[in-house]
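*Asks:* One file is attached below, target_10.txt, containing compact mmCIF, C-alpha atoms.
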# COMPACT_ATOMS: atom_id res chain seq x y z
CA MET A 1 -79.86 175.67 224.03
CA GLU A 2 -80.32 173.44 221.00
CA GLU A 3 -81.09 176.51 218.88
CA ALA A 4 -77.87 178.18 220.02
CA ILE A 5 -75.88 175.10 219.06
CA LYS A 6 -77.45 175.11 215.59
CA LYS A 7 -76.36 178.74 215.16
CA LEU A 8 -72.81 177.79 216.15
CA ALA A 9 -72.59 175.57 213.08
CA ASP A 10 -71.92 178.83 211.21
CA ASP A 11 -69.01 179.67 213.53
CA ALA A 12 -66.16 180.68 211.22
CA ASP A 13 -63.18 179.80 213.39
CA GLY A 14 -64.25 178.47 216.80
CA LEU A 15 -64.36 181.75 218.69
CA ALA A 16 -68.15 181.79 218.99
CA THR A 17 -68.18 178.19 220.19
CA TYR A 18 -65.46 178.93 222.74
CA GLU A 19 -67.37 181.97 223.98
CA TYR A 20 -70.54 179.93 224.25
CA ILE A 21 -68.75 177.31 226.35
CA ALA A 22 -67.18 179.95 228.60
CA ASN A 23 -70.37 181.97 229.04
CA ASN A 24 -72.62 178.96 229.67
CA ILE A 25 -70.34 176.53 231.53
CA GLU A 26 -72.89 175.95 234.28
CA ASN A 27 -75.51 174.69 231.80
CA ILE A 28 -73.66 172.87 229.03
CA ASP A 29 -72.91 169.41 230.39
CA ALA A 30 -75.58 167.73 228.26
CA VAL A 31 -74.47 169.45 225.06
CA LEU A 32 -70.72 169.64 225.63
CA PRO A 33 -70.02 166.68 223.31
CA ALA A 34 -71.87 168.51 220.50
CA LEU A 35 -70.03 171.74 221.28
CA THR A 36 -66.74 169.85 221.22
CA ASP A 37 -67.66 168.32 217.86
CA ASN A 38 -68.43 171.77 216.51
CA MET A 39 -65.19 173.24 217.85
CA ILE A 40 -63.19 170.46 216.24
CA LYS A 41 -65.05 170.94 212.96
CA VAL A 42 -64.74 174.73 212.62
CA ASP A 43 -61.35 175.59 214.20
CA SER A 44 -58.91 175.09 211.36
CA CYS A 45 -55.68 176.06 213.17
CA GLY A 46 -56.33 174.82 216.73
CA GLN A 47 -56.26 178.19 218.46
CA PHE A 48 -59.70 178.01 220.07
CA THR A 49 -59.54 174.24 220.45
CA VAL A 50 -56.48 174.71 222.69
CA SER A 51 -58.22 177.53 224.56
CA ALA A 52 -61.29 175.39 225.18
CA ALA A 53 -59.17 172.50 226.47
CA ARG A 54 -57.29 174.82 228.81
CA TYR A 55 -60.52 176.42 230.03
CA LEU A 56 -62.28 173.13 230.72
CA HIS A 57 -59.17 171.81 232.47
CA ALA A 58 -59.10 174.88 234.71
CA ILE A 59 -62.81 174.54 235.54
CA ASP A 60 -62.85 170.79 236.33
CA SER A 61 -60.22 168.54 234.79
CA GLU A 62 -61.86 165.32 236.00
CA LYS A 63 -65.43 166.15 235.05
CA TYR A 64 -64.46 167.27 231.56
CA ALA A 65 -61.61 164.78 231.01
CA ALA A 66 -63.14 163.11 227.95
CA GLU A 67 -63.81 166.40 226.15
CA ILE A 68 -60.42 167.80 227.12
CA ASP A 69 -58.77 164.71 225.67
CA ARG A 70 -60.72 165.07 222.41
CA LEU A 71 -59.91 168.78 222.14
CA ILE A 72 -56.19 168.25 222.77
CA SER A 73 -56.02 165.43 220.25
CA ALA A 74 -57.70 167.60 217.62
CA ALA A 75 -55.48 170.57 218.44
CA ILE A 76 -52.37 168.48 217.88
CA ASP A 77 -53.64 167.59 214.41
CA LYS A 78 -54.70 171.14 213.55
CA ASP A 79 -51.76 173.16 214.92
CA ARG A 80 -49.22 172.20 212.27
CA GLU A 81 -47.14 175.31 212.93
CA ARG A 82 -46.93 174.45 216.67
CA VAL A 83 -48.15 177.89 217.65
CA TYR A 84 -50.73 176.89 220.27
CA ILE A 85 -50.06 173.36 221.50
CA GLY A 86 -46.88 174.24 223.39
CA SER A 87 -48.88 176.02 226.08
CA LEU A 88 -50.71 172.80 226.84
CA LEU A 89 -47.64 171.12 228.30
CA SER A 90 -47.51 173.25 231.43
CA ASP A 91 -51.19 174.22 231.50
CA ILE A 92 -52.48 170.64 231.41
CA TRP A 93 -49.61 168.59 232.84
CA GLY A 94 -48.20 171.17 235.25
CA GLN A 95 -45.17 173.41 235.50
CA ASP A 96 -43.10 170.39 236.55
CA TYR A 97 -43.81 168.39 233.39
CA THR A 98 -40.11 168.51 232.42
CA GLU A 99 -39.30 166.53 235.55
CA ARG A 100 -41.84 163.86 234.56
CA ILE A 101 -41.23 163.54 230.82
CA GLU A 102 -40.58 159.78 230.82
CA GLU A 103 -43.62 159.06 232.99
CA LEU A 104 -45.90 161.30 230.91
CA ASN A 105 -44.57 160.01 227.60
CA SER A 106 -45.38 156.46 228.63
CA SER A 107 -48.77 157.18 230.22
CA ASP A 108 -50.41 159.92 228.16
CA ASN A 109 -50.71 159.70 224.39
CA ASN A 110 -51.57 163.39 223.92
CA PHE A 111 -48.57 164.46 225.99
CA ARG A 112 -46.32 162.13 223.98
CA ARG A 113 -47.66 163.49 220.67
CA ILE A 114 -47.21 167.14 221.68
CA TYR A 115 -43.78 166.55 223.17
CA LYS A 116 -42.62 164.64 220.09
CA ARG A 117 -43.93 167.40 217.80
CA LEU A 118 -42.25 170.18 219.79
CA TYR A 119 -39.03 168.32 220.66
CA PRO A 120 -38.43 165.66 218.01
CA LYS A 121 -34.89 165.11 219.31
CA GLY A 122 -35.72 165.71 222.98
CA ILE A 123 -34.83 168.76 225.05
CA ILE A 124 -31.19 169.54 224.52
Mind turning the file's structure into structure tokens?
*Replies:*
Amino acid sequence: MEEAIKKLADDADGLATYEYIANNIENIDAVLPALTDNMIKVDSCGQFTVSAARYLHAIDSEKYAAEIDRLISAAIDKDRERVYIGSLLSDIWGQDYTERIEELNSSDNNFRRIYKRLYPKGII
């Protein structure tokens, strides 16, 4: 597994790292922090960083909470065009996130950052 991670250092955009996570989810707990580091390093626009966060959340949001948080935070910084981060609102915080905006803004820094980026003046 360590050899595979070394090869992922040459990942051009994060796709290979995302595929490795998805294809090896049952065996990556020990190396997931390193895989997350690599994803954050190589994904310049946030596309695969968002995908990895969504995937890990769907698999086990509690078990992978720390890595999901890191991936979302990095995606917010990388996705300057706001192409990918918008999907995180409903995928991570649920379809009813619009009913809980105040609560989520006050309790979750990543939610607040995404929401502020997408709706700087609030939902009109």
*Asks:* Skipping near chain neighbours, those fewer than 3 positions away, what residues fall within 9 Å of Asp79 of chain A using only C-alpha atoms, listed as number ranges by chain?
*Replies:* A: 44-47, 74-76, 82-85
*Asks:* Just checking: using only C-alpha atoms, which residue out of A:Thr36, A:Ile21, A:Ser73, A:Arg112 ends up closest to Arg100 of chain A?
*Replies:*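 Ranked by minimum distance to Arg100 of chain A, first place goes to A:Arg112.
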*Asks:* Using only C-alpha atoms, list the residues that have an atom at most 10 Å from (-64.4, 163.3, 224.0), coordinates as in the file, as an mmCIF file with C-alpha atoms, in the coordinates of the input.
*Replies:*
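The file below, selection39.cif, is the result:
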data_model
loop_
_atom_site.group_PDB
_atom_site.id
_atom_site.type_symbol
_atom_site.label_atom_id
_atom_site.label_comp_id
_atom_site.auth_asym_id
_atom_site.auth_seq_id
_atom_site.Cartn_x
_atom_site.Cartn_y
_atom_site.Cartn_z
ATOM 1 C CA LEU A 32 -70.720 169.640 225.630
ATOM 2 C CA PRO A 33 -70.020 166.680 223.310
ATOM 3 C CA ALA A 34 -71.870 168.510 220.500
ATOM 4 C CA THR A 36 -66.740 169.850 221.220
ATOM 5 C CA ASP A 37 -67.660 168.320 217.860
ATOM 6 C CA TYR A 64 -64.460 167.270 231.560
ATOM 7 C CA ALA A 65 -61.610 164.780 231.010
ATOM 8 C CA ALA A 66 -63.140 163.110 227.950
ATOM 9 C CA GLU A 67 -63.810 166.400 226.150
ATOM 10 C CA ILE A 68 -60.420 167.800 227.120
ATOM 11 C CA ASP A 69 -58.770 164.710 225.670
ATOM 12 C CA ARG A 70 -60.720 165.070 222.410
ATOM 13 C CA LEU A 71 -59.910 168.780 222.140
ATOM 14 C CA ILE A 72 -56.190 168.250 222.770
ATOM 15 C CA SER A 73 -56.020 165.430 220.250
#
*Asks:* So, counting all atoms listed in the file, which residue among A:Asn38, A:Thr98, A:Ser90, A:Asn27 is closest to His57 of chain A?
*Replies:* A:Ser90
*Asks:* Just the residues within 9 Å of Ile5 of chain A, please, counting all atoms listed in the file, with nothing from its chain fewer than 3 positions along; format it as JSON, numbers by chain.
*Replies:* {"A": [1, 2, 8, 9, 17, 20, 31, 34, 35, 38]}
*Asks:* I'd like the interatomic distance between atom CA of Val42 of chain A and atom CA of Glu3 of chain A, to a tenth of an Å.
*Replies:* 17.6 Å
*Asks:* Which polymer residues have any atom within 8 Å of an atom of Met39 of chain A, counting all atoms listed in the file, with same-chain residues fewer than 6 positions away left out, as a PyMOL selection string?
*Replies:* chain A and resi 14+17-18+48-49
*Asks:* Could you check which of A:Leu15, A:Asp96, A:Asp108, A:Lys121 is closest to Val50 of chain A, using all atoms listed in the file?
*Replies:*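 Checking each of A:Leu15, A:Asp96, A:Asp108, A:Lys121 against Val50 of chain A, counting all atoms listed in the file, the winner is A:Leu15.
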*Asks:* Measuring between only C-alpha atoms, which one of A:Arg117, A:Ala58, A:Ala30, A:Asp13 shows the shortest distance to Trp93 of chain A?
*Replies:*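 Of A:Arg117, A:Ala58, A:Ala30, A:Asp13, the one nearest Trp93 of chain A, counting only C-alpha atoms, is A:Ala58.
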*Asks:* Could you work out how far atom CA of Ala22 of chain A lies from atom CA of Lys7 of chain A, giving the answer in Å with one decimal?
*Replies:*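 Computing it gives 16.3 Å between the two atoms.
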*Asks:* For the atom pair atom CA of Asp77 of chain A and atom CA of Ser106 of chain A, what is the interatomic distance in Å to one decimal place?
*Replies:*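 Computing the Euclidean distance for atom CA of Asp77 of chain A and atom CA of Ser106 of chain A yields 19.9 Å.
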*Asks:* Please, can segment 51-66 of chain A be completed to N, CA and C atoms and returned as a PDB file, in the frame of the given file?
*Replies:*
ATOM      1  N   SER A  51     -57.627 176.682 223.522  1.00  0.00           N
ATOM      2  CA  SER A  51     -58.220 177.530 224.560  1.00  0.00           C
ATOM      3  C   SER A  51     -59.350 176.818 225.289  1.00  0.00           C
ATOM      4  N   ALA A  52     -60.183 176.110 224.551  1.00  0.00           N
ATOM      5  CA  ALA A  52     -61.290 175.390 225.180  1.00  0.00           C
ATOM      6  C   ALA A  52     -60.775 174.272 226.080  1.00  0.00           C
ATOM      7  N   ALA A  53     -59.757 173.561 225.634  1.00  0.00           N
ATOM      8  CA  ALA A  53     -59.170 172.500 226.470  1.00  0.00           C
ATOM      9  C   ALA A  53     -58.595 173.085 227.752  1.00  0.00           C
ATOM     10  N   ARG A  54     -57.872 174.177 227.631  1.00  0.00           N
ATOM     11  CA  ARG A  54     -57.290 174.820 228.810  1.00  0.00           C
ATOM     12  C   ARG A  54     -58.381 175.319 229.759  1.00  0.00           C
ATOM     13  N   TYR A  55     -59.425 175.902 229.216  1.00  0.00           N
ATOM     14  CA  TYR A  55     -60.520 176.420 230.030  1.00  0.00           C
ATOM     15  C   TYR A  55     -61.220 175.294 230.782  1.00  0.00           C
ATOM     16  N   LEU A  56     -61.590 174.244 230.070  1.00  0.00           N
ATOM     17  CA  LEU A  56     -62.280 173.130 230.720  1.00  0.00           C
ATOM     18  C   LEU A  56     -61.394 172.466 231.773  1.00  0.00           C
ATOM     19  N   HIS A  57     -60.099 172.375 231.494  1.00  0.00           N
ATOM     20  CA  HIS A  57     -59.170 171.810 232.470  1.00  0.00           C
ATOM     21  C   HIS A  57     -59.129 172.671 233.731  1.00  0.00           C
ATOM     22  N   ALA A  58     -59.136 173.972 233.564  1.00  0.00           N
ATOM     23  CA  ALA A  58     -59.100 174.880 234.710  1.00  0.00           C
ATOM     24  C   ALA A  58     -60.399 174.812 235.523  1.00  0.00           C
ATOM     25  N   ILE A  59     -61.514 174.597 234.856  1.00  0.00           N
ATOM     26  CA  ILE A  59     -62.810 174.540 235.540  1.00  0.00           C
ATOM     27  C   ILE A  59     -62.945 173.239 236.329  1.00  0.00           C
ATOM     28  N   ASP A  60     -62.726 172.091 235.667  1.00  0.00           N
ATOM     29  CA  ASP A  60     -62.850 170.790 236.330  1.00  0.00           C
ATOM     30  C   ASP A  60     -62.224 169.721 235.433  1.00  0.00           C
ATOM     31  N   SER A  61     -60.958 169.452 235.662  1.00  0.00           N
ATOM     32  CA  SER A  61     -60.220 168.540 234.790  1.00  0.00           C
ATOM     33  C   SER A  61     -60.762 167.109 234.825  1.00  0.00           C
ATOM     34  N   GLU A  62     -61.312 166.678 235.925  1.00  0.00           N
ATOM     35  CA  GLU A  62     -61.860 165.320 236.000  1.00  0.00           C
ATOM     36  C   GLU A  62     -63.223 165.226 235.322  1.00  0.00           C
ATOM     37  N   LYS A  63     -64.074 166.158 235.619  1.00  0.00           N
ATOM     38  CA  LYS A  63     -65.430 166.150 235.050  1.00  0.00           C
ATOM     39  C   LYS A  63     -65.408 166.235 233.526  1.00  0.00           C
ATOM     40  N   TYR A  64     -64.504 167.044 233.004  1.00  0.00           N
ATOM     41  CA  TYR A  64     -64.460 167.270 231.560  1.00  0.00           C
ATOM     42  C   TYR A  64     -63.314 166.521 230.878  1.00  0.00           C
ATOM     43  N   ALA A  65     -62.792 165.497 231.516  1.00  0.00           N
ATOM     44  CA  ALA A  65     -61.610 164.780 231.010  1.00  0.00           C
ATOM     45  C   ALA A  65     -61.793 164.262 229.583  1.00  0.00           C
ATOM     46  N   ALA A  66     -62.929 163.680 229.284  1.00  0.00           N
ATOM     47  CA  ALA A  66     -63.140 163.110 227.950  1.00  0.00           C
ATOM     48  C   ALA A  66     -63.121 164.198 226.872  1.00  0.00           C
TER      49      ALA A  66
END
